[in-house]
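Colleague: Have a peek at upload-v4.cif (mmCIF, C-alpha atoms).
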```
data_run
#
loop_
_atom_site.label_atom_id
_atom_site.label_comp_id
_atom_site.auth_asym_id
_atom_site.auth_seq_id
_atom_site.Cartn_x
_atom_site.Cartn_y
_atom_site.Cartn_z
CA MET A 1 -24.23 22.02 -2.24
CA ARG A 2 -26.20 19.83 -4.64
CA LYS A 3 -27.70 21.32 -7.73
CA ARG A 4 -30.79 20.38 -9.67
CA CYS A 5 -30.25 19.01 -13.16
CA SER A 6 -32.47 19.81 -16.14
CA LEU A 7 -34.74 16.93 -15.09
CA GLY A 8 -35.32 18.52 -11.69
CA LYS A 9 -33.52 15.76 -9.83
CA SER A 10 -30.61 15.93 -7.43
CA CYS A 11 -27.46 14.99 -9.29
CA GLY A 12 -25.74 11.69 -8.53
CA ALA A 13 -23.57 8.98 -10.03
CA THR A 14 -26.52 6.78 -10.97
CA CYS A 15 -27.82 9.44 -13.34
CA ILE A 16 -24.42 9.63 -14.98
CA GLU A 17 -24.29 5.87 -15.45
CA ARG A 18 -27.64 6.07 -17.21
CA ARG A 19 -26.14 8.81 -19.38
CA ASP A 20 -28.79 11.29 -18.36
CA ALA A 21 -27.87 14.95 -18.70
CA CYS A 22 -26.89 15.41 -15.09
CA LEU A 23 -24.34 17.14 -12.86
CA LEU A 24 -21.98 15.74 -10.25
CA GLU A 25 -20.21 18.14 -7.89
CA LEU A 26 -17.12 17.39 -5.87
CA PRO A 27 -16.71 18.84 -2.34
CA GLN A 28 -15.45 22.32 -1.65
CA SER A 29 -12.12 21.02 -0.31
CA THR A 30 -10.91 20.41 -3.86
CA HIS A 31 -10.27 24.18 -4.05
CA GLU A 32 -11.77 24.04 -7.55
CA PRO A 33 -14.90 25.96 -8.52
CA LEU A 34 -17.83 23.58 -8.24
CA SER A 35 -19.23 24.85 -11.51
CA LYS A 36 -16.04 23.82 -13.34
CA THR A 37 -16.21 20.22 -12.14
CA ALA A 38 -19.95 20.08 -12.79
CA THR A 39 -19.36 21.29 -16.34
CA LEU A 40 -16.78 18.57 -16.94
CA ILE A 41 -19.19 15.84 -15.92
CA GLN A 42 -22.07 17.37 -17.83
CA ASN A 43 -19.92 17.51 -20.94
CA PHE A 44 -19.41 13.74 -20.67
CA ASN A 45 -23.17 13.28 -21.00
CA ASN A 46 -23.82 16.12 -23.45
CA LYS A 47 -25.40 14.45 -26.46
CA SER A 48 -25.40 17.73 -28.40
CA TYR A 49 -21.58 17.77 -28.57
CA ASN A 50 -20.74 14.08 -28.50
CA PHE A 51 -17.15 12.99 -29.14
CA ALA A 52 -18.31 10.25 -31.55
CA GLU A 53 -19.70 12.81 -34.01
CA LEU A 54 -16.44 14.73 -33.94
CA VAL A 55 -14.31 11.61 -34.46
CA SER A 56 -16.54 10.35 -37.29
CA ALA A 57 -16.40 13.69 -39.11
CA VAL A 58 -12.62 13.89 -38.80
CA VAL A 59 -12.10 10.32 -40.05
CA ILE A 60 -14.31 11.03 -43.07
CA ALA A 61 -12.33 14.19 -43.88
CA ASP A 62 -8.89 12.78 -43.02
CA PRO A 63 -8.54 8.96 -42.71
CA THR A 64 -4.89 9.30 -41.61
CA VAL A 65 -5.74 10.37 -38.03
CA LYS A 66 -4.85 7.89 -35.26
CA THR A 67 -5.08 9.59 -31.85
CA LYS A 68 -7.10 12.13 -29.84
CA ALA A 69 -4.42 14.73 -30.53
CA ASP A 70 -4.75 14.08 -34.28
CA VAL A 71 -8.50 14.60 -34.05
CA VAL A 72 -8.12 17.90 -32.20
CA ASN A 73 -5.53 19.13 -34.69
CA ALA A 74 -7.69 18.15 -37.67
CA VAL A 75 -10.88 19.78 -36.42
CA ARG A 76 -8.99 23.05 -35.84
CA ASN A 77 -7.11 23.08 -39.15
CA ASN A 78 -8.89 20.96 -41.76
CA LYS A 79 -10.98 23.29 -43.94
CA LYS A 80 -13.20 20.45 -45.14
CA ILE A 81 -14.85 20.17 -41.69
CA ILE A 82 -17.72 22.58 -41.01
CA ILE A 83 -18.70 22.51 -37.34
CA ASP A 84 -20.29 24.89 -34.82
CA TYR A 85 -18.69 25.19 -31.37
CA PRO A 86 -15.77 22.81 -32.04
CA GLU A 87 -14.26 23.43 -28.59
CA ARG A 88 -17.34 21.93 -26.92
CA TYR A 89 -16.85 18.74 -28.90
CA ILE A 90 -13.16 18.78 -28.01
CA GLU A 91 -14.00 19.07 -24.29
CA ASN A 92 -16.24 16.02 -24.60
CA LEU A 93 -13.49 14.16 -26.49
CA LYS A 94 -10.88 14.86 -23.80
CA MET A 95 -13.10 13.22 -21.19
CA ARG A 96 -12.81 9.86 -23.00
CA SER A 97 -10.04 7.33 -22.55
CA SER A 98 -7.40 7.17 -25.30
CA LYS A 99 -8.14 3.50 -25.95
CA LEU A 100 -11.87 4.17 -26.46
CA VAL A 101 -11.15 6.96 -28.96
CA GLU A 102 -8.44 5.04 -30.84
CA ASP A 103 -10.68 1.96 -31.13
CA TYR A 104 -13.48 4.17 -32.44
CA ILE A 105 -11.13 5.78 -34.99
CA SER A 106 -9.87 2.39 -36.18
CA SER A 107 -13.38 1.01 -36.67
CA ALA A 108 -14.60 4.21 -38.35
CA LYS A 109 -11.75 4.08 -40.89
CA GLU A 110 -12.65 0.55 -41.90
CA LYS A 111 -16.42 1.12 -42.14
CA PHE A 112 -16.35 4.55 -43.84
CA ALA A 113 -13.78 3.57 -46.51
CA PRO A 114 -16.40 2.32 -49.05
CA LEU A 115 -18.45 5.52 -48.61
CA THR A 116 -15.48 7.88 -49.11
CA LYS A 117 -13.81 6.10 -52.05
CA ASP A 118 -14.92 8.91 -54.44
CA GLY A 119 -13.23 11.54 -52.25
CA VAL A 120 -14.71 14.07 -49.84
CA SER A 121 -15.20 17.79 -50.48
CA LYS A 122 -17.06 18.93 -47.32
CA VAL A 123 -18.13 17.40 -44.00
CA TYR A 124 -20.89 19.06 -41.99
CA VAL A 125 -21.41 18.24 -38.30
CA LEU A 126 -25.01 19.26 -37.75
CA GLY A 127 -25.14 18.98 -33.94
CA ALA A 128 -27.69 20.87 -31.87
CA ASN A 129 -28.10 23.53 -34.56
CA ALA A 130 -29.11 21.16 -37.37
CA GLN A 131 -32.15 23.27 -38.27
CA LYS A 132 -30.07 26.46 -38.49
CA ASN A 133 -27.10 24.88 -40.25
CA SER A 134 -26.36 25.97 -43.82
CA ILE A 135 -27.11 22.42 -44.97
CA ALA A 136 -30.57 22.36 -43.38
CA GLU A 137 -32.22 22.86 -46.79
CA LEU A 138 -31.53 19.17 -47.50
CA ASN A 139 -33.82 18.17 -44.65
CA LYS A 140 -36.54 20.72 -45.30
CA GLY A 141 -40.01 19.27 -44.79
CA LEU A 142 -38.84 16.15 -42.94
CA ALA A 143 -40.40 15.09 -39.65
CA LYS A 144 -38.07 15.28 -36.67
CA LYS A 145 -37.91 11.48 -36.35
CA GLU A 146 -36.76 11.24 -40.00
CA ASN A 147 -34.08 13.90 -39.62
CA LYS A 148 -31.60 11.37 -38.28
CA ALA A 149 -28.26 12.45 -39.79
CA ASP A 150 -25.73 13.89 -37.34
CA ILE A 151 -23.17 14.30 -40.12
CA ILE A 152 -23.67 15.00 -43.82
CA PHE A 153 -20.72 14.93 -46.19
CA TYR A 154 -20.42 15.60 -49.91
CA ASN A 155 -18.19 13.46 -52.11
CA THR A 156 -16.28 15.00 -54.99
CA LYS A 157 -19.20 14.17 -57.30
CA GLY A 158 -21.44 16.48 -55.26
CA GLN A 159 -23.53 13.66 -53.77
CA PRO A 160 -24.65 14.05 -50.09
CA ILE A 161 -24.39 11.12 -47.67
CA GLY A 162 -25.75 11.19 -44.12
CA ILE A 163 -24.39 9.43 -41.03
CA SER A 164 -26.38 8.88 -37.83
CA VAL A 165 -23.67 8.53 -35.19
CA LYS A 166 -23.90 6.54 -31.95
CA SER A 167 -21.10 6.49 -29.40
CA SER A 168 -21.62 2.79 -28.64
CA GLN A 169 -23.76 -0.23 -29.50
CA GLY A 170 -25.77 0.44 -26.36
CA ASP A 171 -27.05 3.83 -27.51
CA ARG A 172 -30.70 4.11 -28.42
CA THR A 173 -31.33 4.00 -32.16
CA THR A 174 -34.64 5.88 -32.00
CA ASN A 175 -36.45 8.19 -29.59
CA PHE A 176 -40.03 8.83 -30.70
CA SER A 177 -43.02 10.28 -28.86
CA ILE A 178 -45.80 7.70 -28.57
CA GLU A 179 -48.32 10.46 -28.03
CA LYS A 180 -47.33 12.17 -31.29
CA MET A 181 -47.13 8.88 -33.21
CA THR A 182 -50.74 7.99 -32.42
CA GLY A 183 -52.53 11.23 -33.28
CA GLN A 184 -55.80 11.90 -31.42
CA ALA A 185 -55.45 8.70 -29.41
CA GLY A 186 -52.12 10.06 -28.14
CA VAL A 187 -53.82 13.29 -27.06
CA GLU A 188 -56.28 11.25 -25.00
CA LEU A 189 -53.41 9.26 -23.49
CA ARG A 190 -51.76 12.47 -22.32
CA LYS A 191 -55.02 13.67 -20.77
CA PHE A 192 -55.44 10.34 -18.95
CA ARG A 193 -51.91 10.56 -17.54
CA ASN A 194 -52.29 14.17 -16.43
CA ASN A 195 -55.62 13.41 -14.73
CA TYR A 196 -54.13 10.38 -12.97
CA LEU A 197 -51.18 12.46 -11.69
CA LYS A 198 -53.59 15.16 -10.54
CA GLU A 199 -55.64 12.62 -8.57
CA LEU A 200 -52.54 11.23 -6.82
CA ARG A 201 -51.43 14.74 -5.86
CA GLU A 202 -54.90 15.64 -4.59
CA ILE A 203 -54.84 12.75 -2.10
CA GLY A 204 -51.61 14.19 -0.67
CA LEU A 205 -48.92 12.05 -2.33
CA ASN A 206 -45.55 13.71 -2.93
CA GLU A 207 -43.46 13.15 -6.08
CA ASP A 208 -41.47 10.26 -4.59
CA GLN A 209 -44.65 8.44 -3.59
CA ILE A 210 -46.12 9.03 -7.05
CA ARG A 211 -42.98 7.63 -8.65
CA ASN A 212 -43.29 4.58 -6.41
CA ASP A 213 -46.86 4.12 -7.65
CA PHE A 214 -45.63 4.16 -11.27
CA ALA A 215 -42.70 1.88 -10.50
CA LYS A 216 -44.45 -0.97 -8.72
CA LYS A 217 -43.77 -4.49 -10.00
CA GLN A 218 -47.52 -5.08 -10.13
CA MET A 219 -48.53 -2.36 -12.58
CA SER A 220 -50.51 0.59 -11.24
CA PRO A 221 -53.77 1.59 -13.00
CA TYR A 222 -51.92 4.09 -15.21
CA MET A 223 -49.12 1.72 -16.27
CA SER A 224 -51.75 -0.94 -17.01
CA HIS A 225 -53.66 1.62 -19.10
CA LEU A 226 -50.46 2.58 -20.96
CA ASN A 227 -49.69 -1.06 -21.76
CA ASN A 228 -53.23 -1.61 -23.05
CA PHE A 229 -52.93 1.58 -25.12
CA ILE A 230 -49.70 0.36 -26.77
CA LEU A 231 -51.17 -3.06 -27.56
CA THR A 232 -54.41 -1.54 -28.91
CA ASN A 233 -52.52 0.94 -31.13
CA LYS A 234 -49.77 -1.51 -32.07
CA PRO A 235 -50.35 -1.40 -35.88
CA LYS A 236 -50.16 2.43 -35.93
CA ILE A 237 -47.11 2.53 -33.63
CA ILE A 238 -45.26 -0.09 -35.70
CA ASP A 239 -46.09 1.77 -38.94
CA GLU A 240 -44.75 5.09 -37.58
CA TRP A 241 -41.75 3.33 -36.04
CA ILE A 242 -40.76 1.83 -39.40
CA LYS A 243 -41.20 5.20 -41.08
CA GLY A 244 -38.77 6.78 -38.61
CA VAL A 245 -36.25 3.93 -38.49
CA GLY A 246 -36.19 3.56 -42.26
CA VAL A 247 -36.10 7.34 -42.95
CA GLU A 248 -38.47 6.65 -45.84
CA ASN A 249 -38.91 10.27 -46.92
CA VAL A 250 -35.20 11.17 -46.98
CA LYS A 251 -33.86 11.63 -50.52
CA TYR A 252 -30.17 10.93 -49.85
CA PRO A 253 -28.45 7.81 -48.39
CA ILE A 254 -28.28 7.61 -44.59
CA TYR A 255 -26.18 5.13 -42.63
CA GLN A 256 -25.98 4.48 -38.90
CA PHE A 257 -22.59 3.93 -37.24
CA ASP A 258 -22.29 2.76 -33.61
CA GLY A 259 -18.52 2.42 -33.29
CA LYS A 260 -18.60 -1.16 -34.57
CA ASN A 261 -21.23 -1.58 -37.26
CA LEU A 262 -22.36 0.50 -40.24
CA LYS A 263 -25.98 -0.04 -41.32
CA ASP A 264 -27.89 1.29 -44.32
CA GLN A 265 -30.99 2.87 -42.74
CA GLN A 266 -33.08 2.83 -45.93
CA GLU A 267 -32.26 -0.81 -46.54
CA LEU A 268 -33.28 -1.59 -42.96
CA GLY A 269 -36.53 0.32 -43.52
CA ARG A 270 -37.33 -1.69 -46.65
CA TYR A 271 -36.70 -4.92 -44.74
CA LEU A 272 -38.99 -3.90 -41.89
CA ARG A 273 -41.69 -2.60 -44.25
CA SER A 274 -41.72 -5.83 -46.26
CA ASN A 275 -42.14 -7.78 -42.99
CA GLN A 276 -44.50 -5.33 -41.29
CA ASP A 277 -47.28 -7.92 -40.84
CA LYS A 278 -44.74 -10.25 -39.19
CA ILE A 279 -43.62 -7.77 -36.52
CA ASP A 280 -44.91 -8.40 -33.02
CA ILE A 281 -44.15 -7.05 -29.55
CA LYS A 282 -44.23 -8.72 -26.14
CA LEU A 283 -44.22 -6.97 -22.76
CA GLN A 284 -41.29 -8.06 -20.61
CA PRO A 285 -41.95 -8.90 -16.94
CA ARG A 286 -41.28 -6.07 -14.49
CA THR A 287 -38.46 -7.61 -12.47
CA GLY A 288 -37.26 -4.47 -10.73
CA ARG A 289 -38.41 -1.02 -9.72
CA GLY A 290 -38.55 1.55 -12.50
CA THR A 291 -40.96 3.77 -14.38
CA SER A 292 -40.25 2.24 -17.81
CA LEU A 293 -42.04 -0.48 -19.75
CA TYR A 294 -39.93 -2.86 -21.83
CA TYR A 295 -41.07 -4.75 -24.91
CA GLU A 296 -39.29 -7.37 -26.97
CA VAL A 297 -39.77 -6.74 -30.69
CA PHE A 298 -39.92 -9.82 -32.91
CA VAL A 299 -39.47 -9.80 -36.69
CA ASN A 300 -40.37 -13.09 -38.40
CA GLY A 301 -40.39 -14.73 -34.97
CA LYS A 302 -36.84 -13.58 -34.14
CA LYS A 303 -36.19 -11.09 -31.34
CA GLU A 304 -34.30 -8.22 -32.96
CA TYR A 305 -35.07 -5.09 -30.90
CA GLN A 306 -36.05 -3.86 -27.48
CA TRP A 307 -38.47 -1.00 -26.95
CA GLU A 308 -38.27 1.03 -23.76
CA VAL A 309 -41.21 3.30 -22.98
CA ARG A 310 -39.93 6.17 -20.83
CA LYS A 311 -40.87 9.56 -19.39
CA VAL A 312 -44.28 8.32 -18.30
CA MET A 313 -44.43 10.95 -15.53
CA GLU A 314 -43.47 14.08 -17.43
CA GLY A 315 -43.14 15.57 -20.89
CA SER A 316 -44.14 13.30 -23.72
CA THR A 317 -44.06 9.52 -23.22
CA THR A 318 -41.21 8.31 -25.46
CA LEU A 319 -40.49 5.07 -27.26
CA GLU A 320 -36.77 4.28 -27.42
CA THR A 321 -35.30 1.46 -29.50
CA ARG A 322 -32.13 -0.45 -28.74
CA VAL A 323 -30.38 -3.35 -30.43
CA ARG A 324 -28.13 -4.73 -27.76
CA ASN A 325 -27.15 -7.12 -25.03
CA LYS A 326 -28.18 -4.77 -22.20
CA GLU A 327 -26.07 -6.39 -19.50
CA VAL A 328 -22.78 -6.27 -21.43
CA VAL A 329 -23.27 -2.72 -22.71
CA ASP A 330 -24.26 -1.31 -19.30
CA LYS A 331 -21.14 -2.92 -17.82
CA ASN A 332 -18.97 -1.21 -20.45
CA VAL A 333 -20.68 2.15 -19.94
CA ASN A 334 -20.14 1.95 -16.17
CA LYS A 335 -16.49 0.99 -16.67
CA GLU A 336 -15.88 3.97 -18.95
CA MET A 337 -17.71 6.32 -16.56
CA ASN A 338 -15.60 5.11 -13.63
CA THR A 339 -12.48 5.89 -15.69
CA ILE A 340 -13.75 9.41 -16.38
CA LEU A 341 -14.50 10.13 -12.74
CA LYS A 342 -11.10 8.73 -11.73
CA ASN A 343 -9.32 11.02 -14.22
CA VAL A 344 -11.28 14.08 -13.03
CA THR A 345 -10.53 13.50 -9.35
CA LYS A 346 -6.89 12.63 -10.13
CA GLY A 347 -6.43 15.96 -11.91
CA LEU A 348 -7.97 17.83 -9.00
CA LYS A 349 -5.81 16.00 -6.44
CA GLU A 350 -2.65 17.17 -8.19
CA LYS A 351 -3.76 20.76 -7.57
CA SER A 352 -5.10 20.11 -4.07
CA PRO A 353 -3.20 17.67 -1.77
CA ASP A 354 -5.94 17.63 0.86
CA VAL A 355 -8.69 16.39 -1.45
CA PRO A 356 -10.39 13.32 0.09
CA LYS A 357 -9.70 9.93 -1.47
CA LYS A 358 -13.34 9.37 -2.33
CA VAL A 359 -15.88 11.57 -4.06
CA ILE A 360 -18.31 12.67 -1.37
CA ILE A 361 -21.82 13.53 -2.47
CA PRO A 362 -23.54 15.42 0.34
CA LYS A 363 -27.01 14.38 1.39
CA SER A 364 -29.80 16.46 -0.05
CA THR A 365 -31.70 18.84 2.20
CA PRO A 366 -34.91 17.18 3.45
CA LYS A 367 -37.99 18.35 1.58
CA PRO A 368 -40.45 20.41 3.63
CA ARG A 369 -43.56 18.48 4.57
CA VAL A 370 -46.46 19.29 2.31
CA LYS A 371 -49.72 20.12 4.05
CA PRO A 372 -52.27 17.51 2.91
CA PRO A 373 -55.41 18.65 1.12
CA ASP A 374 -58.83 18.37 2.78
CA LEU A 375 -60.18 14.97 3.73
CA GLU A 376 -62.97 14.99 1.15
CA LYS A 377 -60.50 15.23 -1.76
CA GLN A 378 -58.33 12.52 -0.23
CA LEU A 379 -61.26 10.15 0.10
CA ALA A 380 -62.51 10.82 -3.43
CA GLY A 381 -59.10 10.13 -4.97
CA LEU A 382 -58.46 7.02 -2.87
CA LYS A 383 -61.86 5.59 -3.74
CA GLN A 384 -61.01 5.92 -7.44
CA LEU A 385 -57.74 4.09 -6.82
CA VAL A 386 -59.57 1.28 -5.02
CA VAL A 387 -61.99 0.92 -7.93
CA GLY A 388 -59.02 0.73 -10.32
CA TYR A 389 -57.34 -1.95 -8.22
CA ARG A 390 -60.53 -4.01 -8.06
CA ASN A 391 -60.93 -3.77 -11.82
CA GLN A 392 -57.52 -5.40 -12.06
CA GLY A 393 -58.71 -8.27 -9.87
CA PHE A 394 -56.90 -7.29 -6.66
CA LYS A 395 -58.14 -8.93 -3.46
CA GLU A 396 -58.97 -6.80 -0.39
CA VAL A 397 -55.77 -7.78 1.41
CA ARG A 398 -53.71 -6.80 -1.63
CA ILE A 399 -55.50 -3.45 -1.92
CA MET A 400 -54.84 -2.72 1.76
CA ASP A 401 -51.17 -3.51 1.25
CA GLU A 402 -50.93 -1.24 -1.81
CA LEU A 403 -52.59 1.66 0.02
CA LYS A 404 -50.24 1.27 2.98
CA LYS A 405 -47.24 1.36 0.62
CA LEU A 406 -48.52 4.70 -0.65
CA GLY A 407 -48.48 6.02 2.92
CA VAL A 408 -52.26 6.11 3.42
CA ARG A 409 -53.22 6.20 7.11
CA PRO A 410 -54.93 3.02 8.46
CA ALA A 411 -58.11 4.94 9.33
CA LEU A 412 -58.43 6.14 5.72
CA VAL A 413 -57.69 2.66 4.38
CA GLN A 414 -60.67 1.22 6.26
CA GLU A 415 -62.89 4.08 5.13
CA VAL A 416 -62.14 3.80 1.39
CA LEU A 417 -62.46 -0.02 1.39
CA LYS A 418 -66.18 0.44 2.12
CA VAL A 419 -66.71 1.78 -1.41
CA ARG A 420 -68.37 -0.65 -3.84
#
```
Represent the structure of the file as structure tokens.

Modeller:
Amino acid sequence: MRKRCSLGKSCGATCIERRDACLLELPQSTHEPLSKTATLIQNFNNKSYNFAELVSAVVIADPTVKTKADVVNAVRNNKKIIIDYPERYIENLKMRSSKLVEDYISSAKEKFAPLTKDGVSKVYVLGANAQKNSIAELNKGLAKKENKADIIFYNTKGQPIGISVKSSQGDRTTNFSIEKMTGQAGVELRKFRNNYLKELREIGLNEDQIRNDFAKKQMSPYMSHLNNFILTNKPKIIDEWIKGVGVENVKYPIYQFDGKNLKDQQELGRYLRSNQDKIDIKLQPRTGRGTSLYYEVFVNGKKEYQWEVRKVMEGSTTLETRVRNKEVVDKNVNKEMNTILKNVTKGLKEKSPDVPKKVIIPKSTPKPRVKPPDLEKQLAGLKQLVVGYRNQGFKEVRIMDELKKLGVRPALVQEVLKVR
């Protein structure tokens, strides 16, 4: 019954709370097509057709709107708004609570007023097709990390203004590839990661065991290598980060709006550039299990940002930036998600009286056991792991414990500990 999301994982509520692009399916007894319910939940997380972009565009074009219904009416009838696939944005909008949308509208009106005082002639929602949009000529030649505007509008004087839209203060403000930011060094980092993953697979570890290796509180050899790489290449990473955050090569004004605050991105870039030699990062302790690394970013001795290094097991290792109180924002995100799920199941119950009171997520089918590779390959890979642990200063007892956590048989543990 469970489907695989685009990340290859079984779908579940935890993925939704993290706002990953994921699917959640309700049981067959709802008498609703599973694909329909899955689509509803996926639309909640769909960053390509986010409600906040739609609301922002409508407020810029028509500041008189007040409700969700007003937004829907405006996007269908206001000729100033140029948008591809408006119904997809509307689906995403309908999933949100009325209070959330009305609060967003109210804040957007206040913050956008100074930008729209000269009148508005056209509003373009760039969305997923930004590169194919008729306005794409404005961004020609820009790097992807500098092409930050989700909306571009023209005032009656013909001047373009860009808006980078976030649905909440908890949304990431950047999402850059560390490997691409660091040139040839990044290419070597990718090779190191791929070789490390290959070694773990050759000794017979499955994907869950490999993820456990990456997620240990005491950093594994790869996570330790990644941390050292970031610290060694810190000047280059900070330089590229400022270039992306400050959209230094963009020729028109760009602002970022998160539902509460409106920030001038170029002004922020100038501030960071002028204080570049006073920017420092500090690795945060790994208090829980997870495959991310977190860094506090200090500017002039004041903590202003948090970096999260993600996707260390697949794709391109990314550096995400957030300005937030993580605990408060996550609580708000979970509260909103619970409201969405409640509304979905409520609507289905009205059509199907026998729907169960709780959403039941069936257990996934057990994975077939993978036949381990030959003993020689296992020993070779484990010996390399042991050497890596010793280089980190692990004692023999600690190494034995780590190997047992990875599911290595006791006989093999004793054998590989003989290596010096």

Colleague: Selected by the PyMOL selection byres ((chain A and resi 168) around 8) in the shown coordinates: which residues, as JSON, numbers by chain?

Modeller: {"A": [166, 167, 169, 170, 171, 258, 259, 260]}

Colleague: Write the selection just made, keeping C-alpha atoms, as a PDB file, in the coordinates of the input?

Modeller:
```
ATOM      1  CA  LYS A 166     -23.900   6.540 -31.950  1.00  0.00           C
ATOM      2  CA  SER A 167     -21.100   6.490 -29.400  1.00  0.00           C
ATOM      3  CA  GLN A 169     -23.760  -0.230 -29.500  1.00  0.00           C
ATOM      4  CA  GLY A 170     -25.770   0.440 -26.360  1.00  0.00           C
ATOM      5  CA  ASP A 171     -27.050   3.830 -27.510  1.00  0.00           C
ATOM      6  CA  ASP A 258     -22.290   2.760 -33.610  1.00  0.00           C
ATOM      7  CA  GLY A 259     -18.520   2.420 -33.290  1.00  0.00           C
ATOM      8  CA  LYS A 260     -18.600  -1.160 -34.570  1.00  0.00           C
TER       9      LYS A 260
END
```

Colleague: To one decimal place, how far is CA of Thr291 in chain A from CA of Ala215 in chain A in Å?

Modeller: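 CA of Ala215 in chain A lies at a distance of 4.7 Å from CA of Thr291 in chain A.
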
Colleague: What gap, in Å, lies between CA of Glu207 in chain A and CA of Gly407 in chain A?

Modeller: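 About the pair CA of Glu207 in chain A and CA of Gly407 in chain A: they are 12.5 Å apart.
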
Colleague: List, as a PDB file with C-alpha atoms, in the frame of the given file, every residue that the PyMOL selection byres ((chain A and resi 293) around 8) selects in the file provided.

Modeller:
```pdb
ATOM      1  CA  ASN A 227     -49.690  -1.060 -21.760  1.00  0.00           C
ATOM      2  CA  LEU A 283     -44.220  -6.970 -22.760  1.00  0.00           C
ATOM      3  CA  GLN A 284     -41.290  -8.060 -20.610  1.00  0.00           C
ATOM      4  CA  ARG A 286     -41.280  -6.070 -14.490  1.00  0.00           C
ATOM      5  CA  THR A 291     -40.960   3.770 -14.380  1.00  0.00           C
ATOM      6  CA  SER A 292     -40.250   2.240 -17.810  1.00  0.00           C
ATOM      7  CA  TYR A 294     -39.930  -2.860 -21.830  1.00  0.00           C
ATOM      8  CA  TYR A 295     -41.070  -4.750 -24.910  1.00  0.00           C
ATOM      9  CA  GLU A 308     -38.270   1.030 -23.760  1.00  0.00           C
ATOM     10  CA  VAL A 309     -41.210   3.300 -22.980  1.00  0.00           C
ATOM     11  CA  ARG A 310     -39.930   6.170 -20.830  1.00  0.00           C
TER      12      ARG A 310
END
```

Colleague: Could you tell me which residues the PyMOL selection byres ((chain A and resi 221) around 9) returns for this structure, as a ChimeraX atom specification?

Modeller: /A:196,214,219-220,222-226,385,388-389,392

Colleague: Would you kindly return, as number ranges by chain, each protein, DNA or RNA residue with an atom no farther than 7 Å from any atom of range 46-63 of chain A, considering all atoms listed in the file and excluding same-chain residues fewer than 6 positions away?

Modeller: A: 21, 71, 74-75, 80-81, 88-89, 92-93, 105, 108-109, 112, 116, 120, 123, 125, 127-128, 150-151, 165-167

Colleague: Could you state the separation of CA of Asp401 in chain A and CA of Lys418 in chain A in Å, given to one decimal place?

Modeller: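 If I compute the distance from CA of Asp401 in chain A to CA of Lys418 in chain A, I get 15.5 Å.
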
Colleague: Go through A:Gln306, A:Arg273, A:Val65, A:Phe229 one by one, measure the shortest atom-to-atom distance of each to Val187 in chain A using only C-alpha atoms, and give the residue with the smallest value.

Modeller: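 For Val187 in chain A, the nearest of the candidates is A:Phe229.
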
Colleague: Taking the point (-47.3, 6.0, -7.1) as given in the file, collect each protein or nucleic acid residue that comes within 12 Å of it, counting all atoms listed in the file, and present the set as a short mmCIF file (atom, residue, chain, number, x, y, z; two decimals) with C-alpha atoms, in the coordinates of the input.

Modeller:
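After the write, selection-v4.cif holds the following:
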```
data_model
loop_
_atom_site.label_atom_id
_atom_site.label_comp_id
_atom_site.auth_asym_id
_atom_site.auth_seq_id
_atom_site.Cartn_x
_atom_site.Cartn_y
_atom_site.Cartn_z
CA TYR A 196 -54.13 10.38 -12.97
CA LEU A 197 -51.18 12.46 -11.69
CA LYS A 198 -53.59 15.16 -10.54
CA GLU A 199 -55.64 12.62 -8.57
CA LEU A 200 -52.54 11.23 -6.82
CA ARG A 201 -51.43 14.74 -5.86
CA ILE A 203 -54.84 12.75 -2.10
CA GLY A 204 -51.61 14.19 -0.67
CA LEU A 205 -48.92 12.05 -2.33
CA ASN A 206 -45.55 13.71 -2.93
CA GLU A 207 -43.46 13.15 -6.08
CA ASP A 208 -41.47 10.26 -4.59
CA GLN A 209 -44.65 8.44 -3.59
CA ILE A 210 -46.12 9.03 -7.05
CA ARG A 211 -42.98 7.63 -8.65
CA ASN A 212 -43.29 4.58 -6.41
CA ASP A 213 -46.86 4.12 -7.65
CA PHE A 214 -45.63 4.16 -11.27
CA ALA A 215 -42.70 1.88 -10.50
CA LYS A 216 -44.45 -0.97 -8.72
CA LYS A 217 -43.77 -4.49 -10.00
CA GLN A 218 -47.52 -5.08 -10.13
CA MET A 219 -48.53 -2.36 -12.58
CA SER A 220 -50.51 0.59 -11.24
CA PRO A 221 -53.77 1.59 -13.00
CA TYR A 222 -51.92 4.09 -15.21
CA MET A 223 -49.12 1.72 -16.27
CA ARG A 289 -38.41 -1.02 -9.72
CA GLY A 290 -38.55 1.55 -12.50
CA THR A 291 -40.96 3.77 -14.38
CA VAL A 312 -44.28 8.32 -18.30
CA MET A 313 -44.43 10.95 -15.53
CA LEU A 382 -58.46 7.02 -2.87
CA LEU A 385 -57.74 4.09 -6.82
CA GLU A 402 -50.93 -1.24 -1.81
CA LEU A 403 -52.59 1.66 0.02
CA LYS A 404 -50.24 1.27 2.98
CA LYS A 405 -47.24 1.36 0.62
CA LEU A 406 -48.52 4.70 -0.65
CA GLY A 407 -48.48 6.02 2.92
CA VAL A 408 -52.26 6.11 3.42
#
```

Colleague: Which is closest to Val245 in chain A among A:Thr318, A:Ser106, A:Leu231, A:Gly269, if we use only C-alpha atoms?

Modeller: A:Gly269

Colleague: Using only C-alpha atoms, I'd like a table of the residues in range 109-187 of chain A that come within 9 Å of range 236-239 of chain A; for each, show the closest atom pair and its distance in Å rounded to one decimal, ordered by chain and ascending number, as CSV.

Modeller:
```
residue,atom,partner,partner_atom,distance
A:Ile178,CA,A:Ile237,CA,7.4
A:Met181,CA,A:Ile237,CA,6.4
A:Thr182,CA,A:Lys236,CA,6.6
```

Colleague: Take the residues that were just selected and, keeping C-alpha atoms, output them as an mmCIF file, keeping the file's coordinate frame.

Modeller:
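result_6.cif written:
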```cif
data_model
loop_
_atom_site.group_PDB
_atom_site.id
_atom_site.type_symbol
_atom_site.label_atom_id
_atom_site.label_comp_id
_atom_site.auth_asym_id
_atom_site.auth_seq_id
_atom_site.Cartn_x
_atom_site.Cartn_y
_atom_site.Cartn_z
ATOM 1 C CA ILE A 178 -45.800 7.700 -28.570
ATOM 2 C CA MET A 181 -47.130 8.880 -33.210
ATOM 3 C CA THR A 182 -50.740 7.990 -32.420
#
```
